[in-house]
file target-v4.cif (mmCIF, C-alpha atoms)
data_coords
#
loop_
_atom_site.group_PDB
_atom_site.id
_atom_site.type_symbol
_atom_site.label_atom_id
_atom_site.label_comp_id
_atom_site.auth_asym_id
_atom_site.auth_seq_id
_atom_site.Cartn_x
_atom_site.Cartn_y
_atom_site.Cartn_z
ATOM 1 C CA LEU G 1 15.850 9.205 2.968
ATOM 2 C CA ASP G 2 17.432 10.044 6.308
ATOM 3 C CA SER G 3 17.515 13.667 5.068
ATOM 4 C CA ALA G 4 13.733 13.839 5.567
ATOM 5 C CA ASP G 5 12.993 15.131 9.059
ATOM 6 C CA GLY G 6 11.974 12.285 11.388
ATOM 7 C CA TRP G 7 12.025 9.545 8.740
ATOM 8 C CA SER G 8 14.530 6.680 8.672
ATOM 9 C CA ARG G 9 15.289 3.743 6.409
ATOM 10 C CA SER G 10 14.191 0.344 7.660
ATOM 11 C CA ARG G 11 15.661 -1.782 4.859
ATOM 12 C CA GLY G 12 17.485 -1.089 1.633
ATOM 13 C CA SER G 13 18.151 2.484 0.504
ATOM 14 C CA PRO G 14 14.823 4.312 0.111
ATOM 15 C CA ASP G 15 15.130 7.693 -1.572
ATOM 16 C CA TYR G 16 13.946 11.199 -0.686
ATOM 17 C CA PHE G 17 13.205 13.567 -3.579
ATOM 18 C CA ASN G 18 12.968 17.320 -2.960
ATOM 19 C CA ALA G 19 12.768 20.477 -5.045
ATOM 20 C CA CYS G 20 15.789 21.876 -3.187
ATOM 21 C CA ASP G 21 18.090 19.314 -4.820
ATOM 22 C CA THR G 22 20.385 20.868 -7.432
ATOM 23 C CA SER G 23 22.195 17.699 -8.548
ATOM 24 C CA GLY G 24 19.323 16.428 -10.703
ATOM 25 C CA VAL G 25 19.598 13.016 -9.035
ATOM 26 C CA VAL G 26 16.856 13.327 -6.377
ATOM 27 C CA GLY G 27 15.193 16.544 -7.461
ATOM 28 C CA VAL G 28 11.554 17.474 -8.047
ATOM 29 C CA PRO G 29 10.164 17.268 -10.634
ATOM 30 C CA TRP G 30 13.267 15.990 -12.489
ATOM 31 C CA SER G 31 15.337 13.212 -10.948
ATOM 32 C CA GLY G 32 17.347 10.171 -11.931
ATOM 33 C CA MET G 33 14.144 8.119 -11.678
ATOM 34 C CA GLY G 34 12.182 10.304 -14.137
ATOM 35 C CA TYR G 35 9.793 13.240 -14.014
ATOM 36 C CA GLN G 36 7.330 13.571 -11.109
ATOM 37 C CA ASN G 37 5.915 16.493 -9.138
ATOM 38 C CA SER G 38 5.141 15.887 -5.476
ATOM 39 C CA PHE G 39 1.477 15.457 -4.625
ATOM 40 C CA SER G 40 1.770 18.059 -1.865
ATOM 41 C CA GLY G 41 4.612 20.246 -0.732
ATOM 42 C CA PHE G 42 8.073 20.021 -2.256
ATOM 43 C CA GLY G 43 9.185 16.449 -1.584
ATOM 44 C CA HIS G 44 8.234 12.770 -1.636
ATOM 45 C CA ALA G 45 9.791 9.341 -1.058
ATOM 46 C CA GLY G 46 10.556 6.483 -3.438
ATOM 47 C CA ILE G 47 11.158 2.748 -2.895
ATOM 48 C CA ILE G 48 11.623 -0.558 -4.704
ATOM 49 C CA THR G 49 8.413 -2.604 -4.464
ATOM 50 C CA TYR G 50 9.429 -5.626 -6.555
ATOM 51 C CA SER G 51 12.592 -7.133 -8.071
ATOM 52 C CA ASP G 52 13.152 -9.631 -10.853
ATOM 53 C CA PRO G 53 13.937 -12.859 -8.929
ATOM 54 C CA ASP G 54 16.673 -13.704 -11.453
ATOM 55 C CA ILE G 55 18.501 -10.529 -10.392
ATOM 56 C CA CYS G 56 17.585 -10.079 -6.739
ATOM 57 C CA GLN G 57 15.449 -12.536 -4.774
ATOM 58 C CA ARG G 58 12.522 -10.746 -3.076
ATOM 59 C CA CYS G 59 14.307 -7.393 -2.804
ATOM 60 C CA ARG G 60 12.320 -4.610 -1.150
ATOM 61 C CA GLU G 61 12.944 -1.202 0.410
ATOM 62 C CA PHE G 62 11.231 0.133 3.531
ATOM 63 C CA PHE G 63 11.241 3.293 5.605
ATOM 64 C CA GLY G 64 9.447 4.472 8.727
ATOM 65 C CA ILE G 65 8.911 7.033 11.431
ATOM 66 C CA GLU G 66 8.051 7.081 15.118
ATOM 67 C CA LEU G 67 4.461 8.144 15.708
ATOM 68 C CA ALA G 68 3.751 11.342 17.620
ATOM 69 C CA ALA G 69 2.021 9.186 20.266
ATOM 70 C CA PRO G 70 1.460 5.430 20.715
ATOM 71 C CA MET G 71 -1.676 4.117 19.028
ATOM 72 C CA GLN G 72 -4.670 3.355 21.224
ATOM 73 C CA ALA G 73 -5.627 -0.307 20.937
ATOM 74 C CA GLY G 74 -9.231 -0.973 19.936
ATOM 75 C CA LEU G 75 -9.884 2.480 18.469
ATOM 76 C CA PRO G 76 -10.275 3.111 14.707
ATOM 77 C CA TYR G 77 -7.654 5.032 12.742
ATOM 78 C CA PHE G 78 -8.154 6.479 9.286
ATOM 79 C CA LEU G 79 -5.135 5.737 7.054
ATOM 80 C CA SER G 80 -4.298 7.144 3.642
ATOM 81 C CA PHE G 81 -1.402 7.804 1.305
ATOM 82 C CA ARG G 82 -0.727 8.717 -2.308
ATOM 83 C CA THR G 83 1.404 6.655 -4.660
ATOM 84 C CA THR G 84 2.433 6.611 -8.305
ATOM 85 C CA LEU G 85 4.806 4.780 -10.616
ATOM 86 C CA ALA G 86 8.399 5.766 -11.463
ATOM 87 C CA LEU G 87 9.396 5.174 -15.099
ATOM 88 C CA TRP G 88 11.700 6.383 -17.877
ATOM 89 C CA GLY G 89 14.385 7.791 -15.644
ATOM 90 C CA THR G 90 17.953 8.726 -16.519
ATOM 91 C CA PRO G 91 20.217 7.065 -15.516
ATOM 92 C CA TRP G 92 17.811 4.629 -13.786
ATOM 93 C CA SER G 93 14.942 3.293 -15.875
ATOM 94 C CA MET G 94 12.722 0.670 -14.222
ATOM 95 C CA ARG G 95 11.387 -2.273 -16.242
ATOM 96 C CA PHE G 96 8.461 -3.322 -14.031
ATOM 97 C CA ALA G 97 5.320 -2.056 -12.325
ATOM 98 C CA SER G 98 3.557 -3.693 -9.384
ATOM 99 C CA ASN G 99 0.950 -3.226 -6.711
ATOM 100 C CA GLY G 100 1.521 -4.022 -3.038
ATOM 101 C CA ILE G 101 2.881 -0.838 -1.498
ATOM 102 C CA GLY G 102 1.299 -0.185 1.883
ATOM 103 C CA LEU G 103 1.475 0.862 5.520
ATOM 104 C CA ALA G 104 2.155 -1.223 8.633
ATOM 105 C CA PHE G 105 2.667 -0.572 12.330
ATOM 106 C CA SER G 106 5.056 -1.967 14.914
ATOM 107 C CA THR G 107 6.604 -1.259 18.295
ATOM 108 C CA SER G 108 10.015 -0.508 16.720
ATOM 109 C CA LEU G 109 11.515 0.510 13.378
ATOM 110 C CA LEU G 110 12.033 -3.194 12.466
ATOM 111 C CA GLN G 111 15.340 -3.047 10.655
ATOM 112 C CA GLN G 112 16.246 -6.242 8.780
ATOM 113 C CA SER G 113 19.518 -7.026 7.057
ATOM 114 C CA PHE G 114 18.233 -9.866 4.868
ATOM 115 C CA PHE G 115 16.281 -9.612 1.607
ATOM 116 C CA GLY G 116 12.523 -10.030 1.388
ATOM 117 C CA PRO G 117 9.435 -8.283 2.724
ATOM 118 C CA LEU G 118 9.391 -7.280 6.366
ATOM 119 C CA THR G 119 7.718 -10.000 8.417
ATOM 120 C CA ILE G 120 4.775 -7.864 9.470
ATOM 121 C CA GLU G 121 1.109 -7.707 8.448
ATOM 122 C CA PRO G 122 0.191 -4.537 6.505
ATOM 123 C CA ALA G 123 -2.624 -2.381 7.831
ATOM 124 C CA LEU G 124 -3.312 -0.883 4.384
ATOM 125 C CA THR G 125 -2.213 -2.080 0.942
ATOM 126 C CA CYS G 126 -2.507 -0.690 -2.562
ATOM 127 C CA SER G 127 -4.177 -3.472 -4.544
ATOM 128 C CA VAL G 128 -4.110 -1.506 -7.800
ATOM 129 C CA GLN G 129 -1.194 -2.223 -10.101
ATOM 130 C CA LEU G 130 0.612 1.052 -10.717
ATOM 131 C CA VAL G 131 0.778 1.698 -14.468
ATOM 132 C CA ASP G 132 0.311 5.477 -14.709
ATOM 133 C CA THR G 133 2.972 8.096 -14.010
ATOM 134 C CA ALA G 134 0.674 11.045 -14.701
ATOM 135 C CA SER G 135 -1.366 11.018 -11.491
ATOM 136 C CA TRP G 136 -1.152 10.046 -7.835
ATOM 137 C CA ILE G 137 -3.428 7.180 -6.708
ATOM 138 C CA LEU G 138 -5.255 7.594 -3.399
ATOM 139 C CA VAL G 139 -5.113 4.545 -1.109
ATOM 140 C CA GLU G 140 -7.186 4.724 2.071
ATOM 141 C CA GLY G 141 -8.906 2.614 4.683
ATOM 142 C CA CYS G 142 -9.533 2.123 8.389
ATOM 143 C CA PHE G 143 -7.406 0.187 10.851
ATOM 144 C CA VAL G 144 -8.104 -0.887 14.437
ATOM 145 C CA PRO G 145 -4.806 -1.663 16.215
ATOM 146 C CA ASP G 146 -4.575 -4.523 18.696
ATOM 147 C CA SER G 147 -1.544 -2.992 20.462
ATOM 148 C CA ALA G 148 -0.052 0.373 21.334
ATOM 149 C CA TYR G 149 2.077 0.553 18.199
ATOM 150 C CA THR G 150 4.702 3.288 18.175
ATOM 151 C CA HIS G 151 6.115 3.203 14.627
ATOM 152 C CA LEU G 152 4.759 3.520 11.092
ATOM 153 C CA LEU G 153 6.433 1.512 8.311
ATOM 154 C CA VAL G 154 6.066 2.019 4.549
ATOM 155 C CA GLY G 155 6.866 -0.543 1.851
ATOM 156 C CA SER G 156 5.697 -3.580 -0.084
ATOM 157 C CA PHE G 157 4.933 -6.182 2.597
ATOM 158 C CA LEU G 158 3.415 -8.876 0.351
ATOM 159 C CA GLU G 159 5.272 -11.900 -0.980
ATOM 160 C CA ASP G 160 5.937 -12.051 -4.730
ATOM 161 C CA SER G 161 3.162 -14.615 -5.171
ATOM 162 C CA LEU G 162 0.594 -12.052 -3.975
ATOM 163 C CA LEU G 163 1.783 -9.235 -6.250
ATOM 164 C CA THR G 164 0.509 -8.277 -9.696
ATOM 165 C CA VAL G 165 3.582 -7.453 -11.771
ATOM 166 C CA ALA G 166 3.823 -6.183 -15.357
ATOM 167 C CA LEU G 167 6.716 -5.461 -17.711
ATOM 168 C CA VAL G 168 6.148 -1.816 -18.677
ATOM 169 C CA ASP G 169 9.494 -0.785 -20.188
ATOM 170 C CA SER G 170 11.404 -3.545 -21.983
ATOM 171 C CA SER G 171 14.269 -1.126 -22.638
ATOM 172 C CA GLY G 172 14.708 -0.304 -18.941
ATOM 173 C CA ASP G 173 18.068 -1.105 -17.384
ATOM 174 C CA GLN G 174 16.794 -1.671 -13.814
ATOM 175 C CA GLN G 175 15.100 -5.013 -13.010
ATOM 176 C CA PHE G 176 12.761 -3.487 -10.438
ATOM 177 C CA ALA G 177 9.370 -1.895 -9.849
ATOM 178 C CA TYR G 178 9.685 1.464 -8.118
ATOM 179 C CA ALA G 179 6.967 3.608 -6.553
ATOM 180 C CA TYR G 180 6.782 7.124 -5.184
ATOM 181 C CA VAL G 181 4.928 7.808 -1.904
ATOM 182 C CA ASP G 182 3.528 11.081 -0.568
ATOM 183 C CA ASP G 183 0.939 12.592 1.773
ATOM 184 C CA ILE G 184 0.803 9.767 4.358
ATOM 185 C CA GLN G 185 -1.884 10.259 7.006
ATOM 186 C CA VAL G 186 -2.698 8.392 10.229
ATOM 187 C CA ILE G 187 -5.686 9.942 11.991
ATOM 188 C CA LEU G 188 -7.398 8.768 15.185
ATOM 189 C CA ASP G 189 -11.090 9.622 14.887
ATOM 190 C CA SER G 190 -13.888 7.189 15.714
ATOM 191 C CA ILE G 191 -16.388 9.409 13.892
ATOM 192 C CA ALA G 192 -14.412 10.481 10.829
ATOM 193 C CA CYS G 193 -13.106 7.005 10.080
ATOM 194 C CA PRO G 194 -16.425 5.326 9.192
ATOM 195 C CA LEU G 195 -17.614 8.525 7.503
ATOM 196 C CA ALA G 196 -14.507 8.597 5.348
ATOM 197 C CA MET G 197 -15.051 4.979 4.349
ATOM 198 C CA THR G 198 -18.651 5.715 3.336
ATOM 199 C CA ASP G 199 -17.761 8.901 1.460
ATOM 200 C CA HIS G 200 -15.178 7.083 -0.608
ATOM 201 C CA GLY G 201 -17.314 4.039 -1.285
ATOM 202 C CA MET G 202 -15.887 1.458 1.078
ATOM 203 C CA PRO G 203 -18.376 -1.213 2.138
ATOM 204 C CA ASP G 204 -20.089 -1.795 5.459
ATOM 205 C CA LEU G 205 -19.492 -5.167 7.133
ATOM 206 C CA ASP G 206 -21.797 -7.260 9.270
ATOM 207 C CA LEU G 207 -22.625 -10.884 10.094
ATOM 208 C CA ASP G 208 -26.028 -12.443 9.602
ATOM 209 C CA GLU G 209 -27.622 -14.988 11.939
ATOM 210 C CA ASN G 210 -25.898 -17.821 10.048
ATOM 211 C CA GLY G 211 -22.451 -16.345 10.510
ATOM 212 C CA SER G 212 -22.094 -15.258 6.888
ATOM 213 C CA LEU G 213 -20.372 -12.000 6.079
ATOM 214 C CA ILE G 214 -22.706 -9.339 4.684
ATOM 215 C CA LEU G 215 -21.191 -6.660 2.431
ATOM 216 C CA SER G 216 -23.160 -3.545 1.552
ATOM 217 C CA GLY G 217 -22.732 0.147 0.791
ATOM 218 C CA PHE G 218 -20.731 -0.215 -2.414
ATOM 219 C CA PRO G 219 -19.739 2.704 -4.649
ATOM 220 C CA SER G 220 -21.209 3.291 -8.072
ATOM 221 C CA THR G 221 -18.538 1.588 -10.120
ATOM 222 C CA SER G 222 -18.591 -1.103 -12.757
ATOM 223 C CA LEU G 223 -16.268 -3.647 -11.165
ATOM 224 C CA LEU G 224 -15.047 -4.448 -7.652
ATOM 225 C CA LEU G 225 -12.121 -6.685 -6.739
ATOM 226 C CA PHE G 226 -12.199 -8.532 -3.391
ATOM 227 C CA ARG G 227 -9.240 -10.318 -1.778
ATOM 228 C CA LEU G 228 -9.348 -12.010 1.626
ATOM 229 C CA PHE G 229 -6.009 -12.517 3.403
ATOM 230 C CA SER G 230 -5.046 -14.381 6.537
ATOM 231 C CA MET G 231 -2.926 -12.411 8.991
ATOM 232 C CA ASP G 232 0.240 -14.162 7.759
ATOM 233 C CA GLY G 233 -0.276 -12.588 4.323
ATOM 234 C CA ARG G 234 -1.720 -15.709 2.637
ATOM 235 C CA LEU G 235 -4.437 -15.139 0.048
ATOM 236 C CA VAL G 236 -7.462 -17.123 1.240
ATOM 237 C CA SER G 237 -9.982 -16.146 -1.404
ATOM 238 C CA GLY G 238 -10.474 -13.652 -4.209
ATOM 239 C CA TRP G 239 -13.293 -12.680 -6.548
ATOM 240 C CA GLN G 240 -14.537 -9.949 -8.910
ATOM 241 C CA LEU G 241 -18.116 -8.703 -9.125
ATOM 242 C CA THR G 242 -20.027 -5.808 -10.597
ATOM 243 C CA THR G 243 -21.566 -3.353 -8.156
ATOM 244 C CA GLU G 244 -25.019 -4.771 -8.849
ATOM 245 C CA GLN G 245 -23.864 -8.331 -8.161
ATOM 246 C CA ALA G 246 -22.065 -7.304 -4.979
ATOM 247 C CA ARG G 247 -24.823 -5.194 -3.443
ATOM 248 C CA GLY G 248 -26.217 -7.081 -0.441
ATOM 249 C CA MET G 249 -24.121 -10.174 -1.187
ATOM 250 C CA GLN G 250 -23.126 -12.680 1.465
ATOM 251 C CA VAL G 251 -19.702 -14.315 1.587
ATOM 252 C CA PRO G 252 -19.718 -17.610 3.536
ATOM 253 C CA ILE G 253 -16.920 -17.636 6.080
ATOM 254 C CA GLN G 254 -18.119 -20.443 8.367
ATOM 255 C CA SER G 255 -15.625 -22.906 6.865
ATOM 256 C CA LEU G 256 -12.625 -20.665 7.644
ATOM 257 C CA PRO G 257 -10.521 -21.300 10.761
ATOM 258 C CA SER G 258 -11.186 -18.914 13.629
ATOM 259 C CA GLY G 259 -8.917 -15.867 13.566
ATOM 260 C CA LEU G 260 -8.368 -12.427 12.100
ATOM 261 C CA TYR G 261 -8.610 -11.760 8.361
ATOM 262 C CA LEU G 262 -7.915 -8.774 6.120
ATOM 263 C CA LEU G 263 -10.450 -7.975 3.398
ATOM 264 C CA GLU G 264 -9.205 -5.729 0.581
ATOM 265 C CA VAL G 265 -11.731 -4.049 -1.701
ATOM 266 C CA THR G 266 -10.629 -2.220 -4.852
ATOM 267 C CA ASP G 267 -12.683 -0.156 -7.242
ATOM 268 C CA ASP G 268 -11.617 1.852 -10.287
ATOM 269 C CA ARG G 269 -10.659 4.876 -8.187
ATOM 270 C CA SER G 270 -8.964 3.645 -5.022
ATOM 271 C CA SER G 271 -8.407 0.696 -2.732
ATOM 272 C CA GLY G 272 -8.868 0.067 0.956
ATOM 273 C CA SER G 273 -8.704 -2.681 3.544
ATOM 274 C CA LEU G 274 -11.063 -3.752 6.313
#
call {"tool": "encode", "arguments": {"input": "target-v4.cif", "output": "structure tokens"}}
result
Amino acid sequence: LDSADGWSRSRGSPDYFNACDTSGVVGVPWSGMGYQNSFSGFGHAGIITYSDPDICQRCREFFGIELAAPMQAGLPYFLSFRTTLALWGTPWSMRFASNGIGLAFSTSLLQQSFFGPLTIEPALTCSVQLVDTASWILVEGCFVPDSAYTHLLVGSFLEDSLLTVALVDSSGDQQFAYAYVDDIQVILDSIACPLAMTDHGMPDLDLDENGSLILSGFPSTSLLLFRLFSMDGRLVSGWQLTTEQARGMQVPIQSLPSGLYLLEVTDDRSSGSL
């Protein structure tokens, strides 16, 4: 991946696929991982998002880049990226599919030599399990940094216990889940960020006089998945509701310890975090 201008590996050996490759190993659309056109332009990245624990305990791959300017603490940023599943490659055919790929921010590239997810809280996570190689999934949301972060990191930051994993190719020779990533965006805009969330169906958040969380502004979809995480990545609560059930609902949070929490909301088109 170091061949991509500005990007560097953080852990493992993330791959960079480009149409200029003539070896057939990391080309576009044909590569050793399978067939996949880039979402935009002529290249995209690829990383391991899960590994069979019998083969490699908590193996992950990460890459990152230094931001054009430090983030401004307290201001909203609109985040988005595209991702899709890698399958049926030659010579590398992956057996598994998972969710969990996401974006995080730090004050350095955070290179780690040991296995396992990077010890950092993701700002945006794909909650949808990748099972389709035909299309790129849009993952988007808003993030308000608490520090002047200088680096963007990409990878699967969740522990295995928080991932949804499926065996999708029993004949595959690689005991991993592998995802492509493209079209990553980090945009500072206090106006566009909430508008983007509304346009794409993300909910509005508020607290009532009793301290209960009020969720409203849901998209027209049949089923919504909610997951509430603590900032150390622990799943605190999760539930599924139809749009009609969720509209105007209140989620009691008075019993939770004081602190910051990440709420992920997934519909049948995309996922985002608040």
call {"tool": "resolve_selection", "arguments": {"input": "target-v4.cif", "expression": "the PyMOL selection byres ((chain G and resi 184) around 7)", "output": "number ranges by chain"}}
result
G: 80-82, 182-183, 185-186
call {"tool": "closest_residue", "arguments": {"input": "target-v4.cif", "among": "G:Cys59, G:Leu1, G:Ala73, G:Ile253", "to": "Asp146 of chain G", "atoms": "all atoms listed in the file"}}
result
G:Ala73
call {"tool": "closest_residue", "arguments": {"input": "target-v4.cif", "among": "G:Tyr50, G:Phe143, G:Phe42, G:Tyr149", "to": "Thr107 of chain G", "atoms": "all atoms listed in the file"}}
result
G:Tyr149
call {"tool": "resolve_selection", "arguments": {"input": "target-v4.cif", "expression": "the PyMOL selection byres ((chain G and resi 7) around 10)", "output": "tab-separated table (two decimals) with C-alpha atoms, keeping the file's coordinate frame"}}
result
chain	number	residue	atom	x	y	z
G	1	LEU	CA	15.85	9.20	2.97
G	2	ASP	CA	17.43	10.04	6.31
G	3	SER	CA	17.52	13.67	5.07
G	4	ALA	CA	13.73	13.84	5.57
G	5	ASP	CA	12.99	15.13	9.06
G	6	GLY	CA	11.97	12.28	11.39
G	8	SER	CA	14.53	6.68	8.67
G	9	ARG	CA	15.29	3.74	6.41
G	10	SER	CA	14.19	0.34	7.66
G	16	TYR	CA	13.95	11.20	-0.69
G	63	PHE	CA	11.24	3.29	5.60
G	64	GLY	CA	9.45	4.47	8.73
G	65	ILE	CA	8.91	7.03	11.43
G	66	GLU	CA	8.05	7.08	15.12
G	152	LEU	CA	4.76	3.52	11.09
G	153	LEU	CA	6.43	1.51	8.31
call {"tool": "resolve_selection", "arguments": {"input": "target-v4.cif", "expression": "the PyMOL selection byres ((chain G and resi 135) around 12)", "output": "list in words"}}
result
Tyr35, Gln36, Asn37, Ser38, Phe39, Arg82, Thr83, Thr84, Leu85, Ala86, Leu130, Val131, Asp132, Thr133, Ala134, Trp136, Ile137, Leu138, Tyr180, Val181, Asp182 and Arg269 of chain G
call {"tool": "closest_residue", "arguments": {"input": "target-v4.cif", "among": "G:Cys20, G:Ala177, G:Val25, G:Leu235", "to": "Met94 of chain G", "atoms": "only C-alpha atoms"}}
result
G:Ala177
call {"tool": "atom_distance", "arguments": {"input": "target-v4.cif", "atom1": "atom CA of Asp189 of chain G", "atom2": "atom CA of Pro76 of chain G"}}
result
6.6 Å
call {"tool": "atom_distance", "arguments": {"input": "target-v4.cif", "atom1": "atom CA of Phe226 of chain G", "atom2": "atom CA of Thr242 of chain G"}}
result
11.0 Å
call {"tool": "residues_near_point", "arguments": {"input": "target-v4.cif", "point": "(6.5, 0.2, -18.4)", "cutoff": "6 Å", "atoms": "all atoms listed in the file", "output": "JSON, numbers by chain"}}
result
{"G": [95, 96, 167, 168, 169]}
call {"tool": "atom_distance", "arguments": {"input": "target-v4.cif", "atom1": "atom CA of Asp173 of chain G", "atom2": "atom CA of Thr22 of chain G"}}
result
24.2 Å
call {"tool": "closest_residue", "arguments": {"input": "target-v4.cif", "among": "G:Leu188, G:Leu110, G:Thr125, G:Gly32", "to": "Tyr77 of chain G", "atoms": "all atoms listed in the file"}}
result
G:Leu188
call {"tool": "closest_residue", "arguments": {"input": "target-v4.cif", "among": "G:Gln72, G:Gln240, G:Thr90, G:Gln112", "to": "Leu228 of chain G", "atoms": "only C-alpha atoms"}}
result
G:Gln240
call {"tool": "residues_around", "arguments": {"input": "target-v4.cif", "residues": "Phe17 of chain G", "least_positions_apart": "3", "cutoff": "7 Å", "atoms": "all atoms listed in the file", "output": "list in words"}}
result
Val26, Gly27, Val28, Gly43, His44 and Ala45 of chain G
